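Next up, run.pdb (PDB, C-alpha atoms and all ligand atoms):
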```pdb
ATOM      1  CA  MET A  85     -79.328  36.974  12.821
ATOM      2  CA  ASP A  86     -82.975  37.098  11.737
ATOM      3  CA  GLU A  87     -85.799  35.797  13.918
ATOM      4  CA  ARG A  88     -86.389  32.604  11.919
ATOM      5  CA  THR A  89     -82.731  31.556  12.066
ATOM      6  CA  ASN A  90     -82.482  32.388  15.769
ATOM      7  CA  LEU A  91     -85.614  30.428  16.624
ATOM      8  CA  ASP A  92     -84.697  27.484  14.400
ATOM      9  CA  ARG A  93     -81.313  27.255  16.084
ATOM     10  CA  HIS A  94     -82.906  27.369  19.522
ATOM     11  CA  LEU A  95     -85.589  24.778  18.802
ATOM     12  CA  ARG A  96     -83.137  22.348  17.215
ATOM     13  CA  GLY A  97     -80.970  22.569  20.338
ATOM     14  CA  SER A  98     -83.853  22.308  22.799
ATOM     15  CA  ARG A  99     -83.983  19.181  24.900
ATOM     16  CA  ARG A 100     -84.581  17.906  28.396
ATOM     17  CA  LEU A 101     -81.610  18.416  30.715
ATOM     18  CA  ASP A 102     -79.278  15.432  30.291
ATOM     19  CA  LEU A 103     -78.589  13.930  33.722
ATOM     20  CA  THR A 104     -76.704  10.890  32.413
ATOM     21  CA  GLY A 105     -73.750  10.080  34.624
ATOM     22  CA  VAL A 106     -74.498  12.543  37.449
ATOM     23  CA  ALA A 107     -72.919  11.025  40.581
ATOM     24  CA  TRP A 108     -76.064  11.259  42.716
ATOM     25  CA  GLU A 109     -74.739   8.694  45.190
ATOM     26  CA  ARG A 110     -71.712  10.889  45.931
ATOM     27  CA  ILE A 111     -73.515  14.142  46.682
ATOM     28  CA  ALA A 112     -73.634  13.577  50.450
ATOM     29  CA  ASP A 113     -69.911  12.696  50.506
ATOM     30  CA  HIS A 114     -69.031  16.302  49.771
ATOM     31  CA  PRO A 115     -69.670  19.528  51.687
ATOM     32  CA  LEU A 116     -72.594  21.753  50.961
ATOM     33  CA  SER A 117     -73.172  24.779  53.164
ATOM     34  CA  GLY A 118     -76.547  25.720  54.577
ATOM     35  CA  ALA A 119     -76.304  28.957  52.587
ATOM     36  CA  GLU A 120     -75.724  27.036  49.355
ATOM     37  CA  ALA A 121     -78.697  24.794  50.113
ATOM     38  CA  ARG A 122     -80.862  27.853  50.783
ATOM     39  CA  CYS A 123     -79.836  29.445  47.474
ATOM     40  CA  LEU A 124     -80.459  26.196  45.597
ATOM     41  CA  THR A 125     -83.887  25.893  47.216
ATOM     42  CA  TYR A 126     -84.751  29.391  46.001
ATOM     43  CA  MET A 127     -83.571  28.505  42.517
ATOM     44  CA  MET A 128     -85.489  25.236  42.532
ATOM     45  CA  ASP A 129     -88.638  27.141  43.490
ATOM     46  CA  ILE A 130     -88.156  29.783  40.794
ATOM     47  CA  GLU A 131     -87.360  27.228  38.093
ATOM     48  CA  SER A 132     -90.511  25.346  39.120
ATOM     49  CA  HIS A 133     -92.510  28.571  38.942
ATOM     50  CA  THR A 134     -91.874  28.922  35.202
ATOM     51  CA  MET A 135     -95.314  27.555  34.371
ATOM     52  CA  VAL A 136     -96.864  30.534  36.187
ATOM     53  CA  PHE A 137     -94.578  32.964  34.333
ATOM     54  CA  LEU A 138     -95.693  31.219  31.137
ATOM     55  CA  ARG A 139     -99.368  31.585  32.099
ATOM     56  CA  ASP A 140     -98.792  35.334  32.621
ATOM     57  CA  LEU A 141     -97.018  35.695  29.275
ATOM     58  CA  LEU A 142     -99.739  33.805  27.448
ATOM     59  CA  ALA A 143    -102.233  36.400  28.717
ATOM     60  CA  THR A 144    -100.313  39.044  26.748
ATOM     61  CA  ARG A 145    -100.241  39.711  23.024
ATOM     62  CA  ALA A 146     -97.310  37.262  22.825
ATOM     63  CA  VAL A 147     -99.933  34.521  22.464
ATOM     64  CA  HIS A 148    -100.715  35.744  18.931
ATOM     65  CA  ASP A 149     -97.133  35.223  17.774
ATOM     66  CA  ALA A 150     -96.642  31.551  16.919
ATOM     67  CA  ARG A 151     -92.864  31.961  16.813
ATOM     68  CA  LEU A 152     -92.751  33.370  20.330
ATOM     69  CA  THR A 153     -95.051  30.670  21.673
ATOM     70  CA  ALA A 154     -92.861  27.992  20.056
ATOM     71  CA  PHE A 155     -89.922  29.392  21.978
ATOM     72  CA  LEU A 156     -91.931  29.679  25.195
ATOM     73  CA  ALA A 157     -93.056  26.046  24.958
ATOM     74  CA  SER A 158     -89.475  24.767  24.739
ATOM     75  CA  TRP A 159     -88.260  27.225  27.366
ATOM     76  CA  ALA A 160     -90.887  26.122  29.913
ATOM     77  CA  TYR A 161     -90.118  22.455  29.218
ATOM     78  CA  GLU A 162     -86.406  22.942  29.832
ATOM     79  CA  GLU A 163     -86.964  24.965  33.015
ATOM     80  CA  LEU A 164     -89.169  22.151  34.359
ATOM     81  CA  TRP A 165     -86.163  19.829  34.311
ATOM     82  CA  HIS A 166     -83.934  22.381  35.991
ATOM     83  CA  GLY A 167     -86.338  22.474  38.943
ATOM     84  CA  GLU A 168     -86.491  18.690  39.036
ATOM     85  CA  ALA A 169     -82.699  18.345  38.949
ATOM     86  CA  LEU A 170     -82.161  20.861  41.754
ATOM     87  CA  GLY A 171     -84.821  19.172  43.911
ATOM     88  CA  ARG A 172     -83.131  15.809  43.486
ATOM     89  CA  PHE A 173     -79.704  17.247  44.255
ATOM     90  CA  LEU A 174     -81.026  18.805  47.462
ATOM     91  CA  GLY A 175     -82.876  15.611  48.343
ATOM     92  CA  GLU A 176     -79.721  13.523  47.970
ATOM     93  CA  ALA A 177     -77.841  16.109  50.051
ATOM     94  CA  GLY A 178     -80.359  15.604  52.857
ATOM     95  CA  ALA A 179     -81.693  19.167  52.733
ATOM     96  CA  ARG A 180     -85.156  19.949  54.027
ATOM     97  CA  PRO A 181     -86.783  23.217  52.965
ATOM     98  CA  GLY A 182     -89.137  23.154  55.942
ATOM     99  CA  PRO A 183     -90.383  20.913  58.760
ATOM    100  CA  GLY A 184     -91.585  17.628  57.318
ATOM    101  CA  GLN A 185     -90.793  18.674  53.771
ATOM    102  CA  ASP A 186     -88.716  15.909  52.265
ATOM    103  CA  LEU A 187     -87.190  16.402  48.854
ATOM    104  CA  PRO A 188     -86.972  13.604  46.256
ATOM    105  CA  ARG A 189     -84.178  11.091  45.806
ATOM    106  CA  TRP A 190     -82.599  10.980  42.377
ATOM    107  CA  ASP A 191     -84.665   8.016  41.126
ATOM    108  CA  ASP A 192     -88.069   9.010  42.545
ATOM    109  CA  PRO A 193     -90.958   9.272  40.064
ATOM    110  CA  TYR A 194     -91.459  12.492  38.127
ATOM    111  CA  PRO A 195     -92.816  15.052  38.810
ATOM    112  CA  SER A 196     -91.639  15.665  42.334
ATOM    113  CA  CYS A 197     -92.151  18.356  44.991
ATOM    114  CA  VAL A 198     -95.762  18.765  43.861
ATOM    115  CA  GLY A 199     -96.955  19.756  47.349
ATOM    116  CA  ARG A 200     -94.235  22.369  47.753
ATOM    117  CA  ILE A 201     -94.725  23.752  44.247
ATOM    118  CA  GLY A 202     -98.450  24.073  44.914
ATOM    119  CA  ARG A 203     -97.806  25.960  48.158
ATOM    120  CA  VAL A 204     -95.301  28.325  46.523
ATOM    121  CA  ARG A 205     -97.715  29.020  43.683
ATOM    122  CA  ALA A 206    -100.602  29.604  46.075
ATOM    123  CA  GLY A 207     -98.464  32.038  48.051
ATOM    124  CA  ALA A 208     -97.500  33.956  44.915
ATOM    125  CA  THR A 209    -100.899  34.266  43.293
ATOM    126  CA  GLY A 210    -102.703  36.636  45.632
ATOM    127  CA  ALA A 211    -104.478  39.886  44.739
ATOM    128  CA  ARG A 212    -101.196  41.706  44.066
ATOM    129  CA  ALA A 213    -100.020  39.041  41.649
ATOM    130  CA  THR A 214    -103.394  39.026  39.907
ATOM    131  CA  LEU A 215    -103.258  42.811  39.518
ATOM    132  CA  GLY A 216     -99.720  42.570  38.169
ATOM    133  CA  ARG A 217    -100.739  39.918  35.655
ATOM    134  CA  ARG A 218    -103.679  42.006  34.448
ATOM    135  CA  ALA A 219    -101.525  45.116  34.204
ATOM    136  CA  LEU A 220     -98.956  43.167  32.162
ATOM    137  CA  ALA A 221    -101.642  41.844  29.834
ATOM    138  CA  ALA A 222    -103.176  45.312  29.397
ATOM    139  CA  ALA A 223     -99.764  46.902  28.793
ATOM    140  CA  SER A 224     -98.961  44.322  26.144
ATOM    141  CA  TRP A 225    -101.923  45.488  24.053
ATOM    142  CA  CYS A 226    -101.236  49.192  24.635
ATOM    143  CA  ILE A 227     -97.474  49.180  24.047
ATOM    144  CA  GLY A 228     -96.572  48.646  20.402
ATOM    145  CA  GLY A 229     -93.091  47.421  21.249
ATOM    146  CA  PHE A 230     -94.141  44.919  23.892
ATOM    147  CA  PRO A 231     -92.439  41.894  22.260
ATOM    148  CA  ALA A 232     -89.129  43.767  22.335
ATOM    149  CA  VAL A 233     -89.624  44.595  26.025
ATOM    150  CA  HIS A 234     -90.487  40.956  26.713
ATOM    151  CA  MET A 235     -87.331  39.748  24.952
ATOM    152  CA  ALA A 236     -85.142  42.256  26.797
ATOM    153  CA  TRP A 237     -86.740  41.255  30.100
ATOM    154  CA  GLY A 238     -86.056  37.594  29.356
ATOM    155  CA  ALA A 239     -82.452  38.341  28.394
ATOM    156  CA  VAL A 240     -81.794  40.222  31.644
ATOM    157  CA  ASN A 241     -83.366  37.488  33.773
ATOM    158  CA  GLU A 242     -81.560  34.652  31.999
ATOM    159  CA  LEU A 243     -78.296  36.601  32.349
ATOM    160  CA  SER A 244     -78.802  36.916  36.093
ATOM    161  CA  THR A 245     -79.804  33.256  36.396
ATOM    162  CA  LEU A 246     -76.776  31.904  34.587
ATOM    163  CA  THR A 247     -74.457  34.292  36.451
ATOM    164  CA  ALA A 248     -75.958  33.188  39.777
ATOM    165  CA  TYR A 249     -75.345  29.548  38.905
ATOM    166  CA  GLU A 250     -71.779  30.382  37.870
ATOM    167  CA  ARG A 251     -71.241  32.156  41.193
ATOM    168  CA  LEU A 252     -72.483  29.060  43.013
ATOM    169  CA  VAL A 253     -70.128  26.874  40.967
ATOM    170  CA  ARG A 254     -67.200  29.137  41.822
ATOM    171  CA  GLY A 255     -67.953  29.040  45.539
ATOM    172  CA  THR A 256     -68.854  25.412  46.163
ATOM    173  CA  ALA A 257     -66.683  22.561  47.332
ATOM    174  CA  ASN A 258     -69.173  19.985  46.049
ATOM    175  CA  PRO A 259     -68.008  18.527  42.695
ATOM    176  CA  VAL A 260     -71.398  16.973  41.935
ATOM    177  CA  LEU A 261     -72.991  20.407  42.231
ATOM    178  CA  VAL A 262     -70.325  21.789  39.877
ATOM    179  CA  ASP A 263     -71.227  19.092  37.343
ATOM    180  CA  LEU A 264     -74.988  19.568  37.670
ATOM    181  CA  LEU A 265     -74.935  23.366  37.529
ATOM    182  CA  GLY A 266     -72.551  23.259  34.577
ATOM    183  CA  ARG A 267     -75.203  21.330  32.660
ATOM    184  CA  ILE A 268     -77.952  23.756  33.680
ATOM    185  CA  VAL A 269     -75.784  26.762  32.776
ATOM    186  CA  ARG A 270     -75.462  25.452  29.222
ATOM    187  CA  ASP A 271     -79.260  25.608  28.908
ATOM    188  CA  GLU A 272     -79.409  29.053  30.488
ATOM    189  CA  ARG A 273     -76.823  30.298  27.996
ATOM    190  CA  ARG A 274     -79.016  29.111  25.134
ATOM    191  CA  HIS A 275     -82.036  30.848  26.690
ATOM    192  CA  TYR A 276     -80.033  34.026  27.161
ATOM    193  CA  SER A 277     -78.699  33.865  23.622
ATOM    194  CA  PHE A 278     -82.177  33.566  22.105
ATOM    195  CA  TYR A 279     -83.619  36.424  24.163
ATOM    196  CA  ARG A 280     -80.573  38.621  23.609
ATOM    197  CA  VAL A 281     -80.548  38.278  19.829
ATOM    198  CA  GLU A 282     -84.276  39.015  19.705
ATOM    199  CA  ALA A 283     -84.034  41.951  22.104
ATOM    200  CA  GLU A 284     -81.130  43.564  20.258
ATOM    201  CA  ARG A 285     -82.789  43.379  16.874
ATOM    202  CA  ARG A 286     -86.242  44.465  18.025
ATOM    203  CA  LEU A 287     -85.018  47.327  20.226
ATOM    204  CA  ALA A 288     -82.653  48.607  17.543
ATOM    205  CA  ALA A 289     -85.540  48.803  15.079
ATOM    206  CA  ASP A 290     -88.112  50.567  17.265
ATOM    207  CA  ALA A 291     -87.586  53.818  19.188
ATOM    208  CA  ARG A 292     -90.950  53.435  20.939
ATOM    209  CA  ALA A 293     -89.966  49.989  22.179
ATOM    210  CA  ARG A 294     -86.678  51.379  23.474
ATOM    211  CA  ARG A 295     -88.505  54.052  25.466
ATOM    212  CA  ALA A 296     -91.023  51.521  26.812
ATOM    213  CA  ALA A 297     -88.283  49.064  27.753
ATOM    214  CA  ARG A 298     -86.236  51.688  29.551
ATOM    215  CA  LEU A 299     -89.267  52.867  31.503
ATOM    216  CA  ALA A 300     -90.319  49.295  32.367
ATOM    217  CA  PHE A 301     -86.866  48.288  33.597
ATOM    218  CA  ASP A 302     -86.331  51.502  35.511
ATOM    219  CA  ARG A 303     -89.691  51.376  37.301
ATOM    220  CA  ALA A 304     -90.711  47.731  37.483
ATOM    221  CA  TRP A 305     -87.748  45.373  37.187
ATOM    222  CA  ALA A 306     -86.681  43.308  40.185
ATOM    223  CA  ILE A 307     -84.476  40.259  40.659
ATOM    224  CA  VAL A 308     -86.116  37.207  39.095
ATOM    225  CA  GLY A 309     -88.305  35.415  41.619
ATOM    226  CA  THR A 310     -89.096  38.544  43.642
ATOM    227  CA  GLY A 311     -92.611  38.074  44.967
ATOM    228  CA  VAL A 312     -92.583  34.312  44.418
ATOM    229  CA  ARG A 313     -90.687  33.637  47.634
ATOM    230  CA  PRO A 314     -90.493  36.003  50.621
ATOM    231  CA  LEU A 315     -88.294  39.036  49.952
ATOM    232  CA  ALA A 316     -85.890  37.865  52.653
ATOM    233  CA  GLU A 317     -85.133  34.786  50.523
ATOM    234  CA  THR A 318     -84.470  36.843  47.394
ATOM    235  CA  ASP A 319     -82.225  39.146  49.408
ATOM    236  CA  PHE A 320     -80.385  36.200  50.944
ATOM    237  CA  VAL A 321     -79.565  34.789  47.512
ATOM    238  CA  VAL A 322     -78.504  38.196  46.169
ATOM    239  CA  LEU A 323     -76.232  38.846  49.132
ATOM    240  CA  HIS A 324     -74.768  35.357  49.326
ATOM    241  CA  LEU A 325     -73.856  35.383  45.646
ATOM    242  CA  PHE A 326     -73.231  39.074  45.007
ATOM    243  CA  GLY A 327     -72.761  40.657  48.431
ATOM    244  CA  ASP A 328     -68.956  40.580  48.608
ATOM    245  CA  GLY A 329     -66.401  42.487  46.536
ATOM    246  CA  ASP A 330     -66.285  39.812  43.821
ATOM    247  CA  GLY A 331     -70.064  39.832  43.764
ATOM    248  CA  LEU A 332     -70.091  43.589  43.213
ATOM    249  CA  LEU A 333     -67.765  43.128  40.241
ATOM    250  CA  ALA A 334     -70.077  40.408  38.887
ATOM    251  CA  ALA A 335     -73.107  42.691  39.318
ATOM    252  CA  ARG A 336     -71.296  45.481  37.464
ATOM    253  CA  GLU A 337     -70.304  43.073  34.710
ATOM    254  CA  MET A 338     -73.957  42.103  34.253
ATOM    255  CA  ASP A 339     -74.887  45.799  34.169
ATOM    256  CA  ARG A 340     -72.272  46.396  31.456
ATOM    257  CA  THR A 341     -73.806  43.534  29.464
ATOM    258  CA  VAL A 342     -77.261  45.104  29.802
ATOM    259  CA  ASP A 343     -75.745  48.441  28.695
ATOM    260  CA  GLY A 344     -75.199  46.834  25.287
ATOM    261  CA  LEU A 345     -78.926  46.509  24.658
ATOM    262  CA  PRO A 346     -80.247  49.439  22.603
ATOM    263  CA  GLY A 347     -81.814  52.054  24.869
ATOM    264  CA  LEU A 348     -80.915  50.325  28.133
ATOM    265  CA  ASP A 349     -77.497  51.755  28.917
ATOM    266  CA  GLY A 350     -76.752  53.164  32.348
ATOM    267  CA  LEU A 351     -79.648  51.551  34.243
ATOM    268  CA  ARG A 352     -77.341  49.766  36.735
ATOM    269  CA  LEU A 353     -80.112  47.278  37.507
ATOM    270  CA  PHE A 354     -77.987  44.730  39.313
ATOM    271  CA  GLU A 355     -75.884  47.138  41.314
ATOM    272  CA  ARG A 356     -79.086  48.860  42.453
ATOM    273  CA  ALA A 357     -80.744  45.545  43.341
ATOM    274  CA  ARG A 358     -77.672  44.507  45.304
ATOM    275  CA  ALA A 359     -77.611  47.836  47.142
ATOM    276  CA  GLY A 360     -81.296  47.433  48.001
ATOM    277  CA  ALA A 361     -80.720  43.974  49.438
ATOM    278  CA  LEU A 362     -77.739  45.247  51.444
ATOM    279  CA  ARG A 363     -79.792  48.143  52.786
ATOM    280  CA  ARG A 364     -82.640  45.862  53.890
ATOM    281  CA  ALA A 365     -80.168  43.466  55.515
ATOM    282  CA  GLY A 366     -78.554  46.375  57.330
ATOM    283  CA  GLY A 367     -74.996  45.292  56.583
ATOM    284  CA  PRO A 368     -72.700  42.816  54.896
ATOM    285  CA  ALA A 369     -73.740  39.589  53.216
ATOM    286  CA  PRO A 370     -75.261  36.967  55.535
ATOM    287  CA  GLY A 371     -74.194  33.339  55.546
ATOM    288  CA  ALA A 372     -70.902  31.598  55.004
ATOM    289  CA  ARG A 373     -70.064  30.578  51.469
ATOM    290  CA  ARG A 374     -69.006  27.058  52.356
ATOM    291  CA  GLY A 375     -67.929  24.648  55.023
ATOM    292  CA  VAL A 376     -71.024  23.284  56.768
ATOM    293  CA  ARG A 377     -71.920  19.735  55.875
ATOM    294  CA  VAL A 378     -75.562  19.547  54.996
ATOM    295  CA  GLY A 379     -76.259  16.005  56.115
ATOM    296  CA  SER A 380     -78.467  17.317  58.882
ATOM    297  CA  CYS A 381     -79.201  20.704  57.365
ATOM    298  CA  SER A 382     -82.647  22.174  57.679
ATOM    299  CA  ILE A 383     -83.286  25.186  55.502
ATOM    300  CA  GLY A 384     -85.469  27.881  56.957
ATOM    301  CA  SER A 385     -88.127  29.136  54.558
TER     302      SER A 385
HETATM  303 FE    FE A 401     -83.471  27.345  34.395
HETATM  304 FE    FE A 402     -83.555  29.814  31.633
END
```

Target format structure tokens, applied to this file:
Amino acid sequence: MDERTNLDRHLRGSRRLDLTGVAWERIADHPLSGAEARCLTYMMDIESHTMVFLRDLLATRAVHDARLTAFLASWAYEELWHGEALGRFLGEAGARPGPGQDLPRWDDPYPSCVGRIGRVRAGATGARATLGRRALAAASWCIGGFPAVHMAWGAVNELSTLTAYERLVRGTANPVLVDLLGRIVRDERRHYSFYRVEAERRLAADARARRAARLAFDRAWAIVGTGVRPLAETDFVVLHLFGDGDGLLAAREMDRTVDGLPGLDGLRLFERARAGALRRAGGPAPGARRGVRVGSCSIGS
């Protein structure tokens, strides 16, 4: 599929997450474990951080490509609603991400969680983040194949996001969460599809881009959201969703999918990330997968 067809298809399908008919009033009737709430809080924070990712990407040479910026505009808009939806789900479940930090009810005014989002962004925009942003911008002008690397990076991160949501769906006993995440996964699949098609075509056509992408993933890739929240939170999510035997199979399946991108075979990104989280945790996955009602749950952050 050529770039114009791929982008046209994406933009025609782009829309705000449809929350019609979500049974918000029934969320608290069903179990949600503290571990699930902690994972969802991480995901809410990362979805809400998309505007910062967008700012970083717009500092690269991607800003000169009107097709890429059209995609990025729709992508950031859709991710905004994912963050909002997760915040409202957690709010209705009675979760609190920290002392005195209430989350919105389903019908509260938009946007919500503005104080929390501001704190997360402030915590993730220190000197290290600034250096990283400048290095990314500089690399984008030096590396001829940067757009291909960007598309591959997006594909890998969207793949991990949608797989993480699917793992949550598989493990939860809360039917409202199953419904909500199913809707979000449909968006993430569209994001993944766009990035994947672009990455495949661009990497296949450019040996320099393939070398740059392989080097970038091997040296610099980390689980999406690393550095936005404390590493312990990233590790918790990785180990809750991918720490058991099934999770290892899911990580390997994602690695096999990445293997299909030209020049990126054999990197084992997800299995390595999982092993790193296990090593830092010093053992098996923390947290139970289900069973604790979250009516009085406080989530440590
Ligand atoms: Fe999302
Ligand atoms: Fe996405």

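Once the PyMOL selection byres (((chain A and resi 290-299) around 9) and not hetatm) is applied to the shown structure, the selection contains Ile227, Gly228, Gly229, Phe230, Pro231, Ala232, Val233, His234, Ala236, Trp237, Arg285, Arg286, Leu287, Ala288, Ala289, Ala300, Phe301, Asp302, Arg303, Ala304, Pro346, Gly347, Leu348, Asp349 and Leu351 of chain A.
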
Take the residues that were just selected and, keeping C-alpha atoms, output them as a PDB file, in the frame of the given file.
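Final output, saved to out33.pdb:
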```
ATOM      1  CA  ILE A 227     -97.474  49.180  24.047  1.00  0.00           C
ATOM      2  CA  GLY A 228     -96.572  48.646  20.402  1.00  0.00           C
ATOM      3  CA  GLY A 229     -93.091  47.421  21.249  1.00  0.00           C
ATOM      4  CA  PHE A 230     -94.141  44.919  23.892  1.00  0.00           C
ATOM      5  CA  PRO A 231     -92.439  41.894  22.260  1.00  0.00           C
ATOM      6  CA  ALA A 232     -89.129  43.767  22.335  1.00  0.00           C
ATOM      7  CA  VAL A 233     -89.624  44.595  26.025  1.00  0.00           C
ATOM      8  CA  HIS A 234     -90.487  40.956  26.713  1.00  0.00           C
ATOM      9  CA  ALA A 236     -85.142  42.256  26.797  1.00  0.00           C
ATOM     10  CA  TRP A 237     -86.740  41.255  30.100  1.00  0.00           C
ATOM     11  CA  ARG A 285     -82.789  43.379  16.874  1.00  0.00           C
ATOM     12  CA  ARG A 286     -86.242  44.465  18.025  1.00  0.00           C
ATOM     13  CA  LEU A 287     -85.018  47.327  20.226  1.00  0.00           C
ATOM     14  CA  ALA A 288     -82.653  48.607  17.543  1.00  0.00           C
ATOM     15  CA  ALA A 289     -85.540  48.803  15.079  1.00  0.00           C
ATOM     16  CA  ALA A 300     -90.319  49.295  32.367  1.00  0.00           C
ATOM     17  CA  PHE A 301     -86.866  48.288  33.597  1.00  0.00           C
ATOM     18  CA  ASP A 302     -86.331  51.502  35.511  1.00  0.00           C
ATOM     19  CA  ARG A 303     -89.691  51.376  37.301  1.00  0.00           C
ATOM     20  CA  ALA A 304     -90.711  47.731  37.483  1.00  0.00           C
ATOM     21  CA  PRO A 346     -80.247  49.439  22.603  1.00  0.00           C
ATOM     22  CA  GLY A 347     -81.814  52.054  24.869  1.00  0.00           C
ATOM     23  CA  LEU A 348     -80.915  50.325  28.133  1.00  0.00           C
ATOM     24  CA  ASP A 349     -77.497  51.755  28.917  1.00  0.00           C
ATOM     25  CA  LEU A 351     -79.648  51.551  34.243  1.00  0.00           C
TER      26      LEU A 351
END
```

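Residue nearest Ala283 in chain A, chosen from A:Val240, A:Ala154, A:Ile111, A:Ala361 and counting only C-alpha atoms: A:Val240.
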
Using 9 Å as the limit and counting all atoms listed in the file, can you tabulate each residue of chain A that touches ligand FE 402 (chain A), with its shortest atom-to-atom distance in Å and the two atoms involved, as a tab-separated table?
```
residue	atom	partner	partner_atom	distance
A:Glu131	CA	A:FE402	FE	7.9
A:Trp159	CA	A:FE402	FE	6.9
A:Ala160	CA	A:FE402	FE	8.4
A:Glu162	CA	A:FE402	FE	7.7
A:Glu163	CA	A:FE402	FE	6.1
A:His166	CA	A:FE402	FE	8.6
A:Gly238	CA	A:FE402	FE	8.5
A:Asn241	CA	A:FE402	FE	8.0
A:Glu242	CA	A:FE402	FE	5.2
A:Leu243	CA	A:FE402	FE	8.6
A:Thr245	CA	A:FE402	FE	7.0
A:Leu246	CA	A:FE402	FE	7.7
A:Ile268	CA	A:FE402	FE	8.5
A:Val269	CA	A:FE402	FE	8.4
A:Asp271	CA	A:FE402	FE	6.6
A:Glu272	CA	A:FE402	FE	4.4
A:Arg273	CA	A:FE402	FE	7.7
A:Arg274	CA	A:FE402	FE	8.0
A:His275	CA	A:FE402	FE	5.3
A:Tyr276	CA	A:FE402	FE	7.1
```

Report the distance between CA of Ile307 in chain A and CA of Arg96 in chain A in Å, rounded to one decimal place.
29.5 Å

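Take CA of Val312 in chain A and CA of Ala208 in chain A: the distance between them is 5.0 Å.
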